[in-house]
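For reference, upload.csv is printed below; it contains CSV, C-alpha atoms.
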```
chain,number,residue,atom,x,y,z
A,92,MET,CA,68.3,230.2,50.0
A,93,ALA,CA,65.4,231.8,48.2
A,94,TYR,CA,62.0,230.9,49.6
A,95,GLY,CA,58.8,231.1,47.6
A,96,PRO,CA,55.5,232.0,49.1
A,97,PRO,CA,53.5,229.2,50.8
A,98,GLY,CA,51.4,227.4,48.2
A,99,GLU,CA,49.8,224.2,47.2
A,100,ILE,CA,50.7,221.2,49.3
A,101,PRO,CA,50.3,217.6,48.1
A,102,GLN,CA,47.4,215.8,49.7
A,103,GLY,CA,47.4,212.2,51.0
A,104,PRO,CA,50.1,209.8,52.2
A,105,GLU,CA,52.9,212.0,50.7
A,106,GLY,CA,51.5,215.3,52.0
A,107,TRP,CA,48.7,216.9,54.0
A,108,PRO,CA,47.6,215.9,56.5
A,109,ARG,CA,49.5,212.6,56.8
A,110,LEU,CA,53.0,213.9,57.1
A,111,TYR,CA,52.0,216.8,59.4
A,112,GLU,CA,50.3,215.1,62.2
A,113,ASP,CA,51.3,213.0,65.3
A,114,GLY,CA,52.8,209.6,64.5
A,115,ASN,CA,54.6,206.8,66.3
A,116,ARG,CA,57.8,208.8,66.8
A,117,LEU,CA,56.6,212.3,66.1
A,118,THR,CA,54.3,214.6,68.0
A,119,PHE,CA,53.4,218.3,67.8
A,120,ALA,CA,52.9,220.4,70.9
A,121,ARG,CA,50.3,222.3,68.9
A,122,PRO,CA,48.5,220.6,66.0
A,123,LEU,CA,49.6,222.1,62.7
A,124,THR,CA,47.1,224.0,60.5
A,125,VAL,CA,47.1,223.6,56.8
A,126,GLU,CA,48.7,227.1,56.6
A,127,ASP,CA,51.5,225.8,58.9
A,128,ALA,CA,52.0,222.8,56.6
A,129,GLU,CA,52.0,225.0,53.5
A,130,TRP,CA,54.7,227.1,55.0
A,131,TRP,CA,56.7,224.0,55.9
A,132,HIS,CA,56.3,222.5,52.4
A,133,ALA,CA,57.4,225.8,50.8
A,134,ARG,CA,60.5,226.0,53.0
A,135,PHE,CA,61.7,222.5,53.6
A,136,VAL,CA,60.1,220.1,51.1
A,137,ALA,CA,59.8,221.8,47.7
A,138,PRO,CA,63.0,223.8,47.4
A,139,ASP,CA,65.9,222.0,45.7
A,140,ASP,CA,64.0,218.8,46.3
A,141,LEU,CA,64.9,218.9,50.0
A,142,ASP,CA,62.0,216.7,50.8
A,143,LEU,CA,62.4,217.4,54.5
A,144,HIS,CA,58.9,216.9,55.8
A,145,PRO,CA,58.7,217.1,59.6
A,146,LEU,CA,59.8,213.5,60.4
A,147,ALA,CA,62.5,213.6,57.8
A,148,MET,CA,63.8,216.9,59.2
A,149,ALA,CA,63.9,215.4,62.7
A,150,GLN,CA,65.7,212.3,61.4
A,151,ALA,CA,68.2,214.5,59.5
A,152,LEU,CA,69.0,216.8,62.5
A,153,PHE,CA,69.5,213.8,64.8
A,154,ALA,CA,71.0,211.4,62.2
A,155,GLY,CA,73.5,209.0,63.7
A,156,MET,CA,72.2,209.3,67.2
A,157,PRO,CA,71.7,205.9,68.9
A,158,GLY,CA,68.5,204.4,70.2
A,159,GLU,CA,65.0,205.1,68.9
A,160,PRO,CA,64.4,208.7,69.8
A,161,GLY,CA,61.0,210.3,69.9
A,162,PHE,CA,60.6,213.8,68.5
A,163,GLU,CA,58.4,216.6,69.5
A,164,TYR,CA,58.0,219.9,67.7
A,165,ARG,CA,57.6,222.3,70.5
A,166,SER,CA,56.7,225.1,68.1
A,167,VAL,CA,56.3,225.7,64.4
A,168,GLU,CA,56.1,229.4,63.7
A,169,PRO,CA,55.6,230.4,60.1
A,170,SER,CA,55.3,234.1,61.1
A,171,ARG,CA,58.9,233.9,62.5
A,172,ASP,CA,60.2,231.4,59.9
A,173,SER,CA,61.3,229.1,62.7
A,174,PHE,CA,60.6,225.9,64.6
A,175,GLU,CA,61.7,224.2,67.8
A,176,LEU,CA,62.3,220.5,68.0
A,177,ALA,CA,63.1,218.2,71.0
A,178,ALA,CA,64.4,214.6,70.9
A,179,GLU,CA,64.6,212.1,73.6
A,180,ALA,CA,65.8,208.4,73.6
A,181,ASP,CA,64.4,206.8,76.7
A,182,GLY,CA,66.6,203.7,76.9
A,183,ARG,CA,64.3,201.1,75.2
A,184,ALA,CA,67.0,200.7,72.6
A,185,GLY,CA,69.8,200.8,75.0
A,186,SER,CA,70.5,204.5,74.9
A,187,VAL,CA,69.3,207.4,77.1
A,188,TRP,CA,69.8,211.0,75.9
A,189,HIS,CA,68.0,214.2,75.2
A,190,ALA,CA,68.7,217.3,73.1
A,191,GLY,CA,67.0,220.2,71.4
A,192,VAL,CA,67.3,222.1,68.2
A,193,ALA,CA,65.7,225.3,66.9
A,194,LEU,CA,65.9,226.6,63.4
A,195,GLU,CA,65.6,230.3,62.8
A,196,LEU,CA,65.8,231.0,59.1
A,197,ARG,CA,65.7,234.8,59.4
A,198,MET,CA,68.7,234.7,61.7
A,199,ASP,CA,70.4,232.2,59.4
A,200,ARG,CA,71.1,229.9,62.3
A,201,ILE,CA,70.5,226.6,64.1
A,202,LEU,CA,70.4,226.8,67.9
A,203,TRP,CA,71.4,223.6,69.6
A,204,ASP,CA,70.8,222.5,73.2
A,205,ASP,CA,73.8,220.2,73.6
A,206,VAL,CA,73.1,216.5,74.2
A,207,GLY,CA,72.3,215.6,77.8
A,208,THR,CA,73.2,212.0,78.8
A,209,LYS,CA,74.8,210.0,81.6
A,210,GLN,CA,76.4,207.7,79.0
A,211,ARG,CA,79.9,209.1,78.7
A,212,GLY,CA,82.4,208.3,76.0
A,213,LEU,CA,80.0,207.5,73.3
A,214,GLY,CA,80.7,210.7,71.3
A,215,LEU,CA,77.0,211.6,71.2
A,216,GLY,CA,77.8,215.3,71.0
A,217,LYS,CA,80.2,214.7,68.0
A,218,LYS,CA,77.6,212.6,66.2
A,219,MET,CA,75.0,215.2,66.6
A,220,ALA,CA,77.2,218.1,65.6
A,221,ALA,CA,78.1,216.2,62.4
A,222,SER,CA,74.4,215.7,61.7
A,223,LEU,CA,73.7,219.4,62.3
A,224,LEU,CA,76.5,220.5,60.0
A,225,ALA,CA,75.2,218.2,57.2
A,226,THR,CA,71.6,219.5,57.6
A,227,ALA,CA,72.7,223.1,57.9
A,228,ASP,CA,74.5,222.7,54.6
A,229,ARG,CA,71.3,221.3,53.0
A,230,LEU,CA,69.3,224.3,54.3
A,231,LYS,CA,72.2,226.7,53.5
A,232,VAL,CA,72.3,227.9,57.1
A,233,THR,CA,75.7,229.3,58.0
A,234,ARG,CA,75.7,229.7,61.8
A,235,LEU,CA,75.5,227.1,64.6
A,236,ASP,CA,74.7,228.4,68.1
A,237,ILE,CA,75.0,226.2,71.1
A,238,THR,CA,74.0,226.0,74.8
A,239,THR,CA,76.7,223.8,76.3
A,240,GLU,CA,76.1,221.2,79.1
A,241,ASN,CA,78.5,219.7,81.6
A,242,VAL,CA,81.7,218.4,79.9
A,243,GLY,CA,80.5,220.1,76.7
A,244,SER,CA,81.4,223.4,78.2
A,245,TYR,CA,85.0,222.4,77.8
A,246,LEU,CA,84.8,220.2,74.7
A,247,TRP,CA,82.9,222.8,72.5
A,248,ALA,CA,85.4,225.5,73.5
A,249,GLU,CA,88.1,223.1,72.3
A,250,ALA,CA,86.2,222.5,69.1
A,251,GLY,CA,86.1,226.2,68.3
A,252,PHE,CA,82.8,227.5,69.5
A,253,ILE,CA,83.0,230.8,71.3
A,254,PRO,CA,80.7,232.3,74.0
A,255,THR,CA,78.7,235.4,73.6
A,256,GLU,CA,80.2,238.5,75.2
A,257,ILE,CA,77.7,238.3,78.1
A,258,ALA,CA,78.4,234.6,78.6
A,259,TRP,CA,82.1,235.3,78.5
A,260,ARG,CA,81.9,238.0,81.1
A,261,THR,CA,80.2,235.5,83.5
A,262,LEU,CA,82.7,232.8,82.6
A,263,LEU,CA,85.7,235.1,83.4
A,264,GLY,CA,84.5,235.3,87.0
A,265,GLU,CA,84.0,231.6,87.4
A,266,ILE,CA,87.3,230.7,85.8
A,267,ARG,CA,89.1,233.1,88.1
A,268,LYS,CA,87.6,231.4,91.1
A,269,ARG,CA,88.6,227.9,89.8
A,270,LEU,CA,92.1,229.1,88.9
A,271,GLY,CA,92.6,230.3,92.5
A,272,MET,CA,92.2,226.6,93.6
A,273,VAL,CA,95.0,225.3,91.4
A,274,GLN,CA,97.4,228.1,90.5
A,275,GLY,CA,100.0,226.7,92.8
A,276,GLU,CA,100.2,223.6,90.5
A,277,ILE,CA,100.6,225.2,87.1
A,278,SER,CA,103.5,226.4,85.1
A,279,GLN,CA,104.6,230.0,85.2
A,280,ARG,CA,103.9,230.6,81.5
A,281,SER,CA,100.4,229.2,81.8
A,282,ARG,CA,99.8,231.6,84.7
A,283,GLY,CA,101.0,234.5,82.6
A,284,ILE,CA,98.7,233.6,79.7
A,285,LEU,CA,95.8,233.2,82.0
A,286,GLN,CA,96.6,236.5,83.7
A,287,ARG,CA,96.3,238.3,80.4
A,288,ILE,CA,93.1,236.5,79.5
A,289,LEU,CA,91.3,236.8,82.9
A,290,TYR,CA,92.3,240.3,83.8
A,291,PRO,CA,92.0,242.2,80.5
A,292,GLY,CA,91.9,245.6,82.1
A,293,SER,CA,90.0,248.2,80.2
A,294,GLY,CA,90.4,246.3,76.9
A,295,ALA,CA,87.4,244.9,75.0
A,296,LEU,CA,86.2,241.4,76.0
A,297,GLN,CA,87.8,238.7,73.9
A,298,PRO,CA,85.4,235.7,74.0
A,299,GLY,CA,87.7,233.9,71.6
A,300,ASP,CA,90.1,233.5,74.5
A,301,ILE,CA,88.0,230.6,75.7
A,302,ARG,CA,89.8,228.5,73.1
A,303,LEU,CA,93.2,229.3,74.7
A,304,VAL,CA,91.8,228.4,78.1
A,305,ALA,CA,90.6,225.1,76.8
A,306,GLN,CA,94.0,224.3,75.4
A,307,LEU,CA,96.0,224.6,78.5
A,308,ASP,CA,97.9,221.3,79.0
A,309,ASP,CA,99.0,221.7,82.6
A,310,VAL,CA,98.1,218.7,84.8
A,311,VAL,CA,96.3,219.7,88.0
A,312,SER,CA,94.4,218.0,90.8
A,313,PRO,CA,90.7,217.9,90.0
A,314,ARG,CA,88.0,218.9,92.4
A,315,ALA,CA,87.2,215.4,93.7
A,316,ALA,CA,83.5,215.8,93.7
A,317,ARG,CA,83.5,216.8,90.0
A,318,ASP,CA,85.6,214.1,88.6
A,319,PRO,CA,85.6,211.1,91.0
A,320,ALA,CA,86.6,208.7,88.2
A,321,ASN,CA,89.9,210.5,87.7
A,322,PRO,CA,91.1,211.5,91.1
A,323,THR,CA,94.8,212.0,90.2
A,324,ALA,CA,95.1,214.3,87.3
A,325,VAL,CA,93.1,216.4,84.9
A,326,ARG,CA,94.1,218.9,82.2
A,327,LEU,CA,93.9,222.5,83.3
A,328,GLY,CA,91.7,223.6,80.5
A,329,LYS,CA,89.1,221.0,81.3
A,330,GLU,CA,89.3,221.7,85.1
A,331,LEU,CA,88.6,225.4,84.4
A,332,LEU,CA,85.7,225.0,82.0
A,333,VAL,CA,83.7,221.8,82.7
A,334,GLY,CA,80.2,222.5,84.0
A,335,LEU,CA,80.3,226.2,83.3
A,336,ASN,CA,77.4,225.9,80.9
A,337,TRP,CA,77.4,228.8,78.4
A,338,VAL,CA,75.8,230.0,75.2
A,339,GLY,CA,77.8,230.8,72.1
A,340,GLY,CA,78.2,229.9,68.5
A,341,LEU,CA,80.3,229.4,65.4
A,342,ASP,CA,80.3,230.5,61.8
A,343,ILE,CA,80.0,227.3,59.8
A,344,SER,CA,80.1,228.8,56.3
A,345,GLU,CA,82.8,227.4,54.0
A,346,GLY,CA,84.3,231.0,53.9
A,347,ARG,CA,87.3,232.1,52.0
A,348,PRO,CA,90.2,229.7,51.0
A,349,GLY,CA,92.5,228.7,53.8
A,350,PRO,CA,92.0,227.3,57.3
A,351,SER,CA,88.5,228.3,58.5
A,352,GLU,CA,86.5,227.9,61.7
A,353,ARG,CA,84.4,225.3,59.8
A,354,GLN,CA,87.5,223.3,59.0
A,355,ARG,CA,88.6,223.5,62.6
A,356,LEU,CA,85.3,222.0,63.7
A,357,GLU,CA,85.4,219.3,61.1
A,358,GLU,CA,88.9,218.4,62.2
A,359,TRP,CA,87.8,218.1,65.8
A,360,LEU,CA,84.8,216.0,64.7
A,361,GLY,CA,87.0,213.8,62.6
A,362,ILE,CA,84.9,214.3,59.5
B,300,MET,CA,87.0,229.6,126.2
B,301,ALA,CA,88.6,230.5,122.9
B,302,ARG,CA,91.4,228.4,121.6
B,303,ASP,CA,94.8,230.1,121.3
B,304,LEU,CA,95.4,230.1,117.6
B,305,GLY,CA,98.8,231.8,117.8
B,306,PRO,CA,99.9,235.0,116.2
B,307,GLU,CA,100.0,233.7,112.6
B,308,VAL,CA,96.6,231.9,112.3
B,309,SER,CA,93.3,233.6,112.9
B,310,ALA,CA,89.9,231.8,113.2
B,311,PHE,CA,88.9,233.5,109.9
B,312,THR,CA,91.8,231.8,108.1
B,313,LEU,CA,91.0,228.4,109.5
B,314,ALA,CA,87.4,228.8,108.4
B,315,THR,CA,88.1,229.9,104.8
B,316,VAL,CA,91.1,228.0,103.6
B,317,GLU,CA,90.2,225.1,101.3
B,318,PRO,CA,91.5,221.7,102.3
B,319,ARG,CA,93.4,221.2,99.0
B,320,GLN,CA,95.4,224.3,99.8
B,321,HIS,CA,97.0,222.5,102.6
B,322,ARG,CA,98.4,219.8,100.2
B,323,PRO,CA,101.9,220.4,99.0
B,324,ALA,CA,101.7,221.7,95.4
B,325,PRO,CA,103.1,219.2,92.9
B,326,ALA,CA,105.8,220.3,90.5
B,327,PRO,CA,104.1,221.8,87.4
B,328,ARG,CA,103.9,219.4,84.4
B,329,LEU,CA,102.3,219.3,81.1
B,330,ASP,CA,100.4,216.5,79.3
B,331,ARG,CA,100.6,217.0,75.5
B,332,SER,CA,99.9,213.4,74.6
B,333,ALA,CA,96.7,214.4,72.8
B,334,ARG,CA,98.4,217.0,70.6
B,335,PHE,CA,100.7,214.7,68.7
B,336,ASP,CA,100.4,211.3,67.2
B,337,ALA,CA,102.8,208.4,67.6
B,338,ASP,CA,105.0,209.9,64.8
B,339,GLY,CA,105.1,213.3,66.5
B,340,ARG,CA,102.8,214.9,64.0
B,341,PRO,CA,100.2,217.4,65.3
B,342,THR,CA,96.8,215.8,65.6
B,343,ARG,CA,94.9,219.1,64.9
B,344,PRO,CA,97.0,221.2,62.5
B,345,VAL,CA,94.1,223.4,61.4
B,346,ASP,CA,93.2,224.2,65.0
B,347,ASP,CA,96.9,224.8,65.9
B,348,LEU,CA,97.3,227.3,63.0
B,349,LEU,CA,94.2,229.2,63.8
B,350,THR,CA,95.0,229.3,67.5
B,351,ALA,CA,98.5,230.5,66.7
B,352,ARG,CA,97.3,233.3,64.4
B,353,TYR,CA,94.7,234.3,67.0
B,354,MET,CA,97.4,234.6,69.7
B,355,VAL,CA,99.6,236.7,67.5
B,356,GLN,CA,96.7,239.0,66.8
B,357,ARG,CA,96.1,239.2,70.5
B,358,GLY,CA,99.7,240.2,71.0
B,359,PHE,CA,100.9,237.0,72.7
B,360,PRO,CA,104.6,236.4,72.1
B,361,ASP,CA,105.8,233.3,70.1
B,362,GLU,CA,107.0,231.8,73.4
B,363,ASP,CA,103.4,231.7,74.6
B,364,VAL,CA,102.2,230.1,71.3
B,365,ARG,CA,105.0,227.5,71.6
B,366,HIS,CA,104.0,226.8,75.3
B,367,LEU,CA,100.3,226.4,74.5
B,368,LEU,CA,100.6,224.3,71.3
B,369,GLY,CA,104.0,222.6,72.0
B,370,TYR,CA,105.4,224.0,68.7
B,371,LEU,CA,105.2,227.0,66.4
B,372,PRO,CA,103.0,226.1,63.4
B,373,GLU,CA,104.3,227.1,60.0
B,374,GLY,CA,102.5,230.1,58.5
B,375,MET,CA,101.3,231.3,61.8
B,376,HIS,CA,102.3,234.9,61.1
B,377,ALA,CA,100.5,235.0,57.7
B,378,GLU,CA,97.4,237.3,57.7
B,379,SER,CA,98.2,238.4,61.3
B,380,ASP,CA,98.8,242.1,61.4
B,381,GLY,CA,96.6,242.8,64.3
B,382,PRO,CA,97.4,244.7,67.5
B,383,GLY,CA,100.7,243.9,69.2
B,384,ARG,CA,102.6,243.1,66.0
```
For this file, write the structure as structure tokens.
Amino acid sequence: MAYGPPGEIPQGPEGWPRLYEDGNRLTFARPLTVEDAEWWHARFVAPDDLDLHPLAMAQALFAGMPGEPGFEYRSVEPSRDSFELAAEADGRAGSVWHAGVALELRMDRILWDDVGTKQRGLGLGKKMAASLLATADRLKVTRLDITTENVGSYLWAEAGFIPTEIAWRTLLGEIRKRLGMVQGEISQRSRGILQRILYPGSGALQPGDIRLVAQLDDVVSPRAARDPANPTAVRLGKELLVGLNWVGGLDISEGRPGPSERQRLEEWLGI
Amino acid sequence: MARDLGPEVSAFTLATVEPRQHRPAPAPRLDRSARFDADGRPTRPVDDLLTARYMVQRGFPDEDVRHLLGYLPEGMHAESDGPGR
């Protein structure tokens, strides 16, 4: 996307300062200056008729999420072409969750702090990922980075996200420890696959291997404290990855013809 | 007075063995119910194909692909001329 220089910003109800100050559902950790607002307008409102003023941007990034979330811009940084946004639904509308997003235009990426919630099985992560994909397309951003949380550490690997090399190096150690607890229960061929993944020798790290770990279908006994609701059986991939919070990402560009990482994610999201 | 732990079991062993290791290990089994729909079709064909291609590029044999996915996707060897092949 080509961005023009900051310029005139409409005044009044449809512009400055009304749309760039605290409201019922929106707050700013630091009040925006008119220069901040001009940058915002030039980046997210004027181009291609995006019309994503701060509240509209928040609603787009968290579209489909339940409850009545409140939004806070933790930072708006014209000098870095970026902002950070946090959202929290406090239960008044029957839903409790929190999540965070940062947009870094110079890095061509959205950074996502995965949804944190105690309400399982609602598909909140999937809903939010779909919203992020749609908004990334509007902004022509081609990378989605993630910090996983709890069960998301398994689910997002299954969806196709891969950790950074540093994160994968740490994950290898943790997965080896967990495997030691269950390897007497798994098939010989799964053991062989894991041996190759977990002990790569002098070869380069292969963070994409996390997708193979996530796909292991062996049924094992869970660590009781970690999954008390399911004391009898759990898939090996889940057992090895849940709770190992990691950072990673995914290329979400449409890419060349043929199956792509983007299509893999859309397939997993069911969109 | 120290307990006689016998020649095979040391105090160190007793202190470090996890309780679940004392349980008899169940026979290995796989749960592929999420991979195929009621008609036996793959539920995630794009993921299966990309995973298969990745495994081939990493040098995993077809038997490992079949084990992980439950089948060999068509076209899995296309565009896969990486190491090990």
Per-residue nearest contacts chain A to chain B, cut-off 6 Å, using only C-alpha atoms, as CSV:
```
residue,atom,partner,partner_atom,distance
A:Gly275,CA,B:Ala324,CA,5.9
A:Glu276,CA,B:Pro327,CA,5.3
A:Ile277,CA,B:Pro327,CA,4.9
A:Ser278,CA,B:Pro327,CA,5.2
A:Asp308,CA,B:Leu329,CA,5.3
A:Asp309,CA,B:Leu329,CA,4.3
A:Val310,CA,B:Leu329,CA,5.6
A:Arg355,CA,B:Asp346,CA,5.2
```
For this session: Using only C-alpha atoms, determine which residues lie at most 8 Å from Lys209 (chain A), disregarding the query and same-chain residues fewer than 2 positions distant; provide the list as a list of chain:residue names.
Result: A:Val187, A:Trp188, A:Gly207, A:Arg211
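Within the 10 Å cut-off around Val136 (chain A), using only C-alpha atoms and omitting residues fewer than 6 positions from it on the same chain, the listed residues are A:Ile100, A:Gly106, A:Glu129, A:Trp130, A:Asp142, A:Leu143, A:His144, A:Pro145, A:Ala147, A:Met148.
Among A:Gly155, A:Gly283, A:Gly334, A:Gly182, the residue with the shortest atom-to-atom distance to Thr238 (chain A), counting all atoms listed in the file, is A:Gly334.
Taking CA of Arg229 (chain A) as the reference point, CA of Gly214 (chain A) is found at 23.1 Å.
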Exercise. Mind pulling up the distance from CA of Gly358 (chain B) to CA of Pro291 (chain A)?
Worked result: 12.4 Å
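CA of Ser186 (chain A) is positioned 25.7 Å from CA of Glu249 (chain A).
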Exercise. Which neighbours of Leu141 (chain A) fall inside 12 Å, counting only C-alpha atoms, when residues of the same chain fewer than 6 positions from it are skipped, and could you give them as a ChimeraX atom specification?
Worked result: /A:92,131-135,147-148,151,226-231
For this session: Compute the distance from (65.9, 222.1, 65.0) to each atom, counting only C-alpha atoms, keep the residues with any atom at most 6 Å away, and return them as a PyMOL selection string; use the coordinates of the file.
Result: chain A and resi 175-176+192-194
Exercise. Of the candidates A:Asp172, A:Glu99, A:Glu179, A:Asp205, which shows the shortest atom-to-atom distance to Pro160 (chain A), using only C-alpha atoms?
Worked result: A:Glu179
Problem set entry | Close residues, Val338 (chain A) itself excluded, 8 Å, only C-alpha atoms, min 2 positions apart in chain, as a list in words | Asp236, Ile237, Thr238, Thr239, Pro254, Thr255, Ala258, Asn336 and Gly340 of chain A
Residues as selected, C-alpha atoms, written as a short mmCIF file (atom, residue, chain, number, x, y, z; two decimals), in the coordinates of the input, can you do that?
```
data_model
loop_
_atom_site.label_atom_id
_atom_site.label_comp_id
_atom_site.auth_asym_id
_atom_site.auth_seq_id
_atom_site.Cartn_x
_atom_site.Cartn_y
_atom_site.Cartn_z
CA ASP A 236 74.70 228.40 68.10
CA ILE A 237 75.00 226.20 71.10
CA THR A 238 74.00 226.00 74.80
CA THR A 239 76.70 223.80 76.30
CA PRO A 254 80.70 232.30 74.00
CA THR A 255 78.70 235.40 73.60
CA ALA A 258 78.40 234.60 78.60
CA ASN A 336 77.40 225.90 80.90
CA GLY A 340 78.20 229.90 68.50
#
```
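The nearest approach to Leu327 (chain A) among the residues A:Tyr164, A:Phe174, A:Tyr245, A:Phe252, with all atoms listed in the file taken into account, belongs to A:Tyr245.
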For this session: Give the answer as one residue: which of A:Glu357, A:Val273, A:Ala295, A:Ile288 has the shortest atom-to-atom distance to Arg326 (chain A), using only C-alpha atoms?
Result: A:Val273
Problem set entry | Nearest residue to Leu235 (chain A) from the set A:Ile201, A:Leu110, A:Val206, A:Ile257 (distances using only C-alpha atoms) | A:Ile201
For this session: Show which residues sit within 7 Å of Ala324 (chain A), as a list in words. Count all atoms listed in the file, and ignore same-chain residues fewer than 6 positions away.
Result: Val310, Val311, Ser312 and Pro313 of chain A
Final N, CA and C atoms of region 361-374 of chain B as a compact mmCIF listing (two decimals), in the frame of the given file:
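Contents of rebuild07.txt, as written:
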```txt
# COMPACT_ATOMS: atom_id res chain seq x y z
N ASP B 361 105.65 234.69 70.67
CA ASP B 361 105.80 233.30 70.10
C ASP B 361 106.05 232.30 71.23
N GLU B 362 106.70 232.71 72.31
CA GLU B 362 107.00 231.80 73.40
C GLU B 362 105.67 231.25 74.01
N ASP B 363 104.67 232.13 74.08
CA ASP B 363 103.40 231.70 74.60
C ASP B 363 102.70 230.72 73.64
N VAL B 364 102.83 231.00 72.35
CA VAL B 364 102.20 230.10 71.30
C VAL B 364 102.91 228.72 71.46
N ARG B 365 104.23 228.73 71.55
CA ARG B 365 105.00 227.50 71.60
C ARG B 365 104.57 226.72 72.93
N HIS B 366 104.37 227.46 73.99
CA HIS B 366 104.00 226.80 75.30
C HIS B 366 102.59 226.20 75.14
N LEU B 367 101.66 226.91 74.51
CA LEU B 367 100.30 226.40 74.50
C LEU B 367 100.16 225.22 73.51
N LEU B 368 100.83 225.28 72.36
CA LEU B 368 100.60 224.30 71.30
C LEU B 368 101.73 223.19 71.34
N GLY B 369 102.85 223.49 71.97
CA GLY B 369 104.00 222.60 72.00
C GLY B 369 104.90 222.76 70.79
N TYR B 370 104.56 223.69 69.88
CA TYR B 370 105.40 224.00 68.70
C TYR B 370 104.87 225.28 68.09
N LEU B 371 105.64 225.81 67.14
CA LEU B 371 105.20 227.00 66.40
C LEU B 371 104.73 226.49 64.99
N PRO B 372 103.44 226.57 64.69
CA PRO B 372 103.00 226.10 63.40
C PRO B 372 103.57 226.98 62.25
N GLU B 373 103.83 226.35 61.12
CA GLU B 373 104.30 227.10 60.00
C GLU B 373 103.17 227.99 59.47
N GLY B 374 103.53 229.20 59.04
CA GLY B 374 102.50 230.10 58.50
C GLY B 374 101.72 230.83 59.52
```
